[in-house]
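The structure appears right after this line, and notes come after that.
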Amino acid sequence: MTSIFGKLVARVREINHRYREPKVKLTKWTRAILLTLRLYLFFLVGILVYAFILHVR
Amino acid sequence: MEPDGLKPIRRSGRNTSRGLGLVPTLYYHYRRFRKHLAILLAVIGPGIIVMVADNDAGGITTYMVTGAQYRYSFIWIAILLWPVAYVCQEMTVRLGAITKRGFAEAIFDAFGTFWGWFSLADLTITDLLTIVTEFVGMTVALSIFGVPPWITVIIVIAFIMAILLNGRYWTWEKIVLALCAVNLVYVPAVFFVHPDLGAILHTGLIPGFPYGFTSPVLFLIMANVGTTIAPWMIFFQQSSVVDKGLKEKHIPYARLDTAIGAVFTVAVAIVLIIIASYFFGGTGVNVPDAGTAARLIHDVNPFLGSLLVIGLFDAGLLGAIAVSLASTWSVGEVFGWAHSLNDRMGQARWFNLFRLTIMVIAGLVVLIPRAPLGLITLFVQVIAVTLLPATLVFLILLLNQEELVGKYRNSRFQNATSGVIVGTILVLSTLFGIGTLFPHLFGG
């Protein structure tokens, strides 16, 4: 079990290393879109957490 | 090894029938048509499967509720969703055929590990929860025939794993296409209810809001849009195109495959709206889901009810097959496992083990007494909304990388069309997600 978990961690590290640098051509537009996507994602996650807290209360 | 049906047509660059008589010319065109048809029949598969599987148990519920509450009024929305589904899925065909890699791997490569892990994790969680809803649909459907849920779960998991035993993509695809044909069982069912064609043409095909543009109407429109395009569809079709070995020269045929699939999706949606409208429209009967609708119709008309039950079970089965493959293919691509349906069970053991694990977990959740299935359905919708924007935006960005897709990059017209469609989907799906979390906002 430990061996399988260790191999999995090693594979994740390898994947992180392989895809460290985004290969998409980062124009101003692309950067702006990716930033907007991140903000949108944080907004959605924030709403999800807020709804969860309301549900628990 | 390339299947015979996928061999290219040799192009001479000139019309070789020129200068011949009428009969040889007709024969020449006949032979040309036959060759194109043979290639089309060989290429057909991923587009039809993804589109028909999109009408899964959740989708059928949405169409039934739409017809029961608003009769024919929103048939035009189902028709408008045809280009929406086609435009989004067509982009995956080009990306898969040119790059020869799945969408998950393409995201990691192009956008880095943050977006890669986010997409993979979100897709896997959404798919797992979606498969739970598919199992709910299947167990409810067969319970109408008296089959206990645990037997349904075991049979379904055994079947889904067994169709991979052969280790050939083509065998798997033929079986799944046969299941897609069963999904069309709804279409003859519509002739039994003798729909009012005049009313369909008058109120169904002309865009409008005869019930007013209220919050519940808006919520139902958003649900219809949300059920038409889902993140797993993008991941599934691209991986399927790659696994099938489709190449650049097959793109026109794969586009036609996708268009035909979208027609099937819309046809089934319209038929379900008509059937639900016939049985429940204006009656005030509460139809919360497709299982309840099938049960109620079965009580009134056992034959038609049985067709609907078969259709609901088949929809859940197709959904479980396609959705489970979407995430398993994606995880396999990223982790570098053998992940082709052409691999034998032993060769792709991690791939098959991962898929089996997802199916078993989903099946067990359904069998847990008093499991919060309503909460799970809610989470599916919300979590899918968090992934959909990134998925669609990445698709457009990738299709604009000339060094990646060459001459198959999006034209200005394609960018404008897909941009408007994606923008609309994003707004509606976000509102749908918020409306699901806070129902009072939409009068729920």
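Convention: chains lettered A, B, ... in structure tokens order; per-chain residue numbering from 1; ligands numbered from 1 as shown.
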
Spatial neighbours of region 14-29 of chain A, max dist 12 Å, only C-alpha atoms, sep filter under 3 positions, as an mmCIF file with N, CA and C atoms, in the first residue's frame:
```cif
data_model
loop_
_atom_site.group_PDB
_atom_site.id
_atom_site.type_symbol
_atom_site.label_atom_id
_atom_site.label_comp_id
_atom_site.auth_asym_id
_atom_site.auth_seq_id
_atom_site.Cartn_x
_atom_site.Cartn_y
_atom_site.Cartn_z
ATOM 1 N N LYS A 7 4.511 5.521 -5.235
ATOM 2 C CA LYS A 7 4.595 5.610 -6.699
ATOM 3 C C LYS A 7 3.670 6.700 -7.232
ATOM 4 N N LEU A 8 2.493 6.800 -6.596
ATOM 5 C CA LEU A 8 1.512 7.805 -7.028
ATOM 6 C C LEU A 8 2.057 9.212 -6.803
ATOM 7 N N VAL A 9 2.669 9.405 -5.624
ATOM 8 C CA VAL A 9 3.245 10.726 -5.306
ATOM 9 C C VAL A 9 4.360 11.054 -6.298
ATOM 10 N N ALA A 10 5.181 10.042 -6.594
ATOM 11 C CA ALA A 10 6.279 10.253 -7.543
ATOM 12 C C ALA A 10 5.733 10.621 -8.919
ATOM 13 N N ARG A 11 4.635 9.958 -9.319
ATOM 14 C CA ARG A 11 4.042 10.238 -10.635
ATOM 15 C C ARG A 11 3.476 11.657 -10.674
ATOM 16 N N ALA A 32 -5.375 37.971 -19.739
ATOM 17 C CA ALA A 32 -6.575 38.593 -19.172
ATOM 18 C C ALA A 32 -7.679 37.552 -18.993
ATOM 19 N N ILE A 33 -7.834 36.683 -19.998
ATOM 20 C CA ILE A 33 -8.898 35.651 -19.930
ATOM 21 C C ILE A 33 -8.609 34.677 -18.784
ATOM 22 N N LEU A 34 -7.341 34.262 -18.666
ATOM 23 C CA LEU A 34 -6.993 33.301 -17.600
ATOM 24 C C LEU A 34 -7.186 33.928 -16.219
ATOM 25 N N LEU A 35 -6.841 35.225 -16.102
ATOM 26 C CA LEU A 35 -7.031 35.911 -14.818
ATOM 27 C C LEU A 35 -8.523 36.003 -14.486
ATOM 28 N N THR A 36 -9.328 36.359 -15.503
ATOM 29 C CA THR A 36 -10.783 36.454 -15.293
ATOM 30 C C THR A 36 -11.349 35.099 -14.864
ATOM 31 N N ALA B 104 -7.823 16.645 -21.410
ATOM 32 C CA ALA B 104 -7.166 16.839 -20.109
ATOM 33 C C ALA B 104 -5.658 17.075 -20.304
ATOM 34 N N GLU B 105 -5.062 16.252 -21.161
ATOM 35 C CA GLU B 105 -3.633 16.380 -21.424
ATOM 36 C C GLU B 105 -3.346 17.714 -22.117
ATOM 37 N N ALA B 106 -4.249 18.108 -23.013
ATOM 38 C CA ALA B 106 -4.078 19.381 -23.724
ATOM 39 C C ALA B 106 -4.112 20.559 -22.742
ATOM 40 N N ILE B 107 -4.976 20.482 -21.722
ATOM 41 C CA ILE B 107 -5.061 21.567 -20.721
ATOM 42 C C ILE B 107 -3.764 21.630 -19.907
ATOM 43 N N PHE B 108 -3.286 20.460 -19.441
ATOM 44 C CA PHE B 108 -2.026 20.434 -18.687
ATOM 45 C C PHE B 108 -0.905 21.052 -19.516
ATOM 46 N N ASP B 109 -0.826 20.637 -20.762
ATOM 47 C CA ASP B 109 0.278 21.065 -21.615
ATOM 48 C C ASP B 109 0.208 22.562 -21.917
ATOM 49 N N ALA B 110 -1.000 23.041 -22.210
ATOM 50 C CA ALA B 110 -1.124 24.433 -22.646
ATOM 51 C C ALA B 110 -1.214 25.414 -21.487
ATOM 52 N N PHE B 111 -1.900 25.041 -20.419
ATOM 53 C CA PHE B 111 -2.200 26.020 -19.364
ATOM 54 C C PHE B 111 -1.519 25.731 -18.022
ATOM 55 N N GLY B 112 -0.761 24.649 -17.951
ATOM 56 C CA GLY B 112 -0.009 24.382 -16.721
ATOM 57 C C GLY B 112 -0.766 23.552 -15.696
ATOM 58 N N THR B 113 -0.095 23.330 -14.569
ATOM 59 C CA THR B 113 -0.611 22.360 -13.596
ATOM 60 C C THR B 113 -1.817 22.872 -12.805
ATOM 61 N N PHE B 114 -1.886 24.191 -12.536
ATOM 62 C CA PHE B 114 -3.033 24.689 -11.752
ATOM 63 C C PHE B 114 -4.351 24.335 -12.443
ATOM 64 N N TRP B 115 -4.466 24.733 -13.717
ATOM 65 C CA TRP B 115 -5.700 24.478 -14.459
ATOM 66 C C TRP B 115 -5.835 22.992 -14.777
ATOM 67 N N GLY B 116 -4.702 22.334 -14.965
ATOM 68 C CA GLY B 116 -4.746 20.899 -15.264
ATOM 69 C C GLY B 116 -5.339 20.100 -14.119
ATOM 70 N N TRP B 117 -4.777 20.297 -12.907
ATOM 71 C CA TRP B 117 -5.282 19.546 -11.749
ATOM 72 C C TRP B 117 -6.709 19.951 -11.407
ATOM 73 N N VAL B 331 -7.871 10.798 -16.757
ATOM 74 C CA VAL B 331 -6.883 10.435 -15.731
ATOM 75 C C VAL B 331 -5.792 9.555 -16.354
ATOM 76 N N GLU B 333 -4.741 9.519 -19.452
ATOM 77 C CA GLU B 333 -3.858 10.333 -20.311
ATOM 78 C C GLU B 333 -2.810 11.054 -19.466
ATOM 79 N N VAL B 334 -3.281 11.694 -18.394
ATOM 80 C CA VAL B 334 -2.384 12.537 -17.597
ATOM 81 C C VAL B 334 -1.373 11.678 -16.835
ATOM 82 N N PHE B 335 -1.830 10.554 -16.279
ATOM 83 C CA PHE B 335 -0.935 9.705 -15.488
ATOM 84 C C PHE B 335 -0.085 8.778 -16.355
ATOM 85 N N GLY B 336 -0.360 8.778 -17.646
ATOM 86 C CA GLY B 336 0.454 7.973 -18.556
ATOM 87 C C GLY B 336 0.140 6.485 -18.500
ATOM 88 N N PHE B 394 -11.070 27.286 -22.516
ATOM 89 C CA PHE B 394 -9.834 26.609 -22.933
ATOM 90 C C PHE B 394 -9.975 26.050 -24.347
ATOM 91 N N LEU B 397 -9.534 28.901 -26.710
ATOM 92 C CA LEU B 397 -8.136 29.363 -26.714
ATOM 93 C C LEU B 397 -7.245 28.377 -27.473
ATOM 94 N N LEU B 398 -7.456 27.087 -27.245
ATOM 95 C CA LEU B 398 -6.637 26.075 -27.924
ATOM 96 C C LEU B 398 -6.892 26.076 -29.429
ATOM 97 N N LEU B 399 -8.148 26.308 -29.800
ATOM 98 C CA LEU B 399 -8.486 26.329 -31.229
ATOM 99 C C LEU B 399 -8.017 27.611 -31.899
ATOM 100 N N ASN B 400 -7.386 28.515 -31.133
ATOM 101 C CA ASN B 400 -6.815 29.718 -31.723
ATOM 102 C C ASN B 400 -5.289 29.662 -31.778
ATOM 103 N N GLN B 401 -4.725 28.532 -31.373
ATOM 104 C CA GLN B 401 -3.265 28.367 -31.411
ATOM 105 C C GLN B 401 -2.870 27.780 -32.757
ATOM 106 N N GLU B 402 -2.391 28.635 -33.661
ATOM 107 C CA GLU B 402 -2.085 28.156 -35.013
ATOM 108 C C GLU B 402 -1.006 27.071 -35.003
ATOM 109 N N GLU B 403 -0.027 27.225 -34.074
ATOM 110 C CA GLU B 403 1.061 26.239 -34.021
ATOM 111 C C GLU B 403 0.559 24.868 -33.539
ATOM 112 N N LEU B 404 -0.613 24.864 -32.933
ATOM 113 C CA LEU B 404 -1.187 23.617 -32.413
ATOM 114 C C LEU B 404 -2.100 22.949 -33.432
#
```

- Would you mind listing what lies within 6 Å of region 228-240 of chain B as a list in words, with only C-alpha atoms counted and same-chain residues fewer than 6 positions away left out? Pro46, Thr92, Gly96, Gly102, Phe103, Ala326 and Leu388 of chain B

- Note on the structure: The distance between CA of Leu353 (chain B) and CA of Leu392 (chain B) is 29.2 Å

- Query: Running DSSP on the backbone, which parts of region 128-209 of chain B land in helix (DSSP H, G or I), as a ChimeraX atom specification?
  - Reply: /B:128-144,149-162,169-183,186-192,197-204

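Residues with any atom within 10 Å of Leu220 (chain B), counting only C-alpha atoms and excluding same-chain neighbours fewer than 3 positions away, are Thr62, Tyr63, Val65, Thr66, Gln69, Tyr70, Phe74, Ser215, Pro216, Val217, Ala223, Asn224, Val225, Gly226 and Phe432 of chain B.
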
- Write out as a count of residues only which residues come within 12 Å of Ile321 (chain B) when counting only C-alpha atoms, dropping same-chain ones fewer than 5 positions away. 41

- Query: When distances are computed from only C-alpha atoms, which of B:Thr124, B:Thr227, B:Thr377, B:Thr292 shows the smallest separation from Val140 (chain B)?
  - Reply: B:Thr292

- Closest of B:Tyr278, B:Phe209, B:Trp150, B:Phe118 to chain A - atom-to-atom distances counting only C-alpha atoms: B:Phe118

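Nearest to chain B of all the residues A:Arg31, A:Ser3, A:Leu37, A:Arg13 is A:Leu37, based on only C-alpha atoms.
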
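Omitting His194 (chain B) and its sequence neighbours fewer than 4 positions away, and counting only C-alpha atoms, the residues within 12 Å are Pro188, Ala189, Val190, Gly198, Ala199, Ile200, Val271, Ile274, Ile275, Ser277, Tyr278 and Phe279 of chain B.
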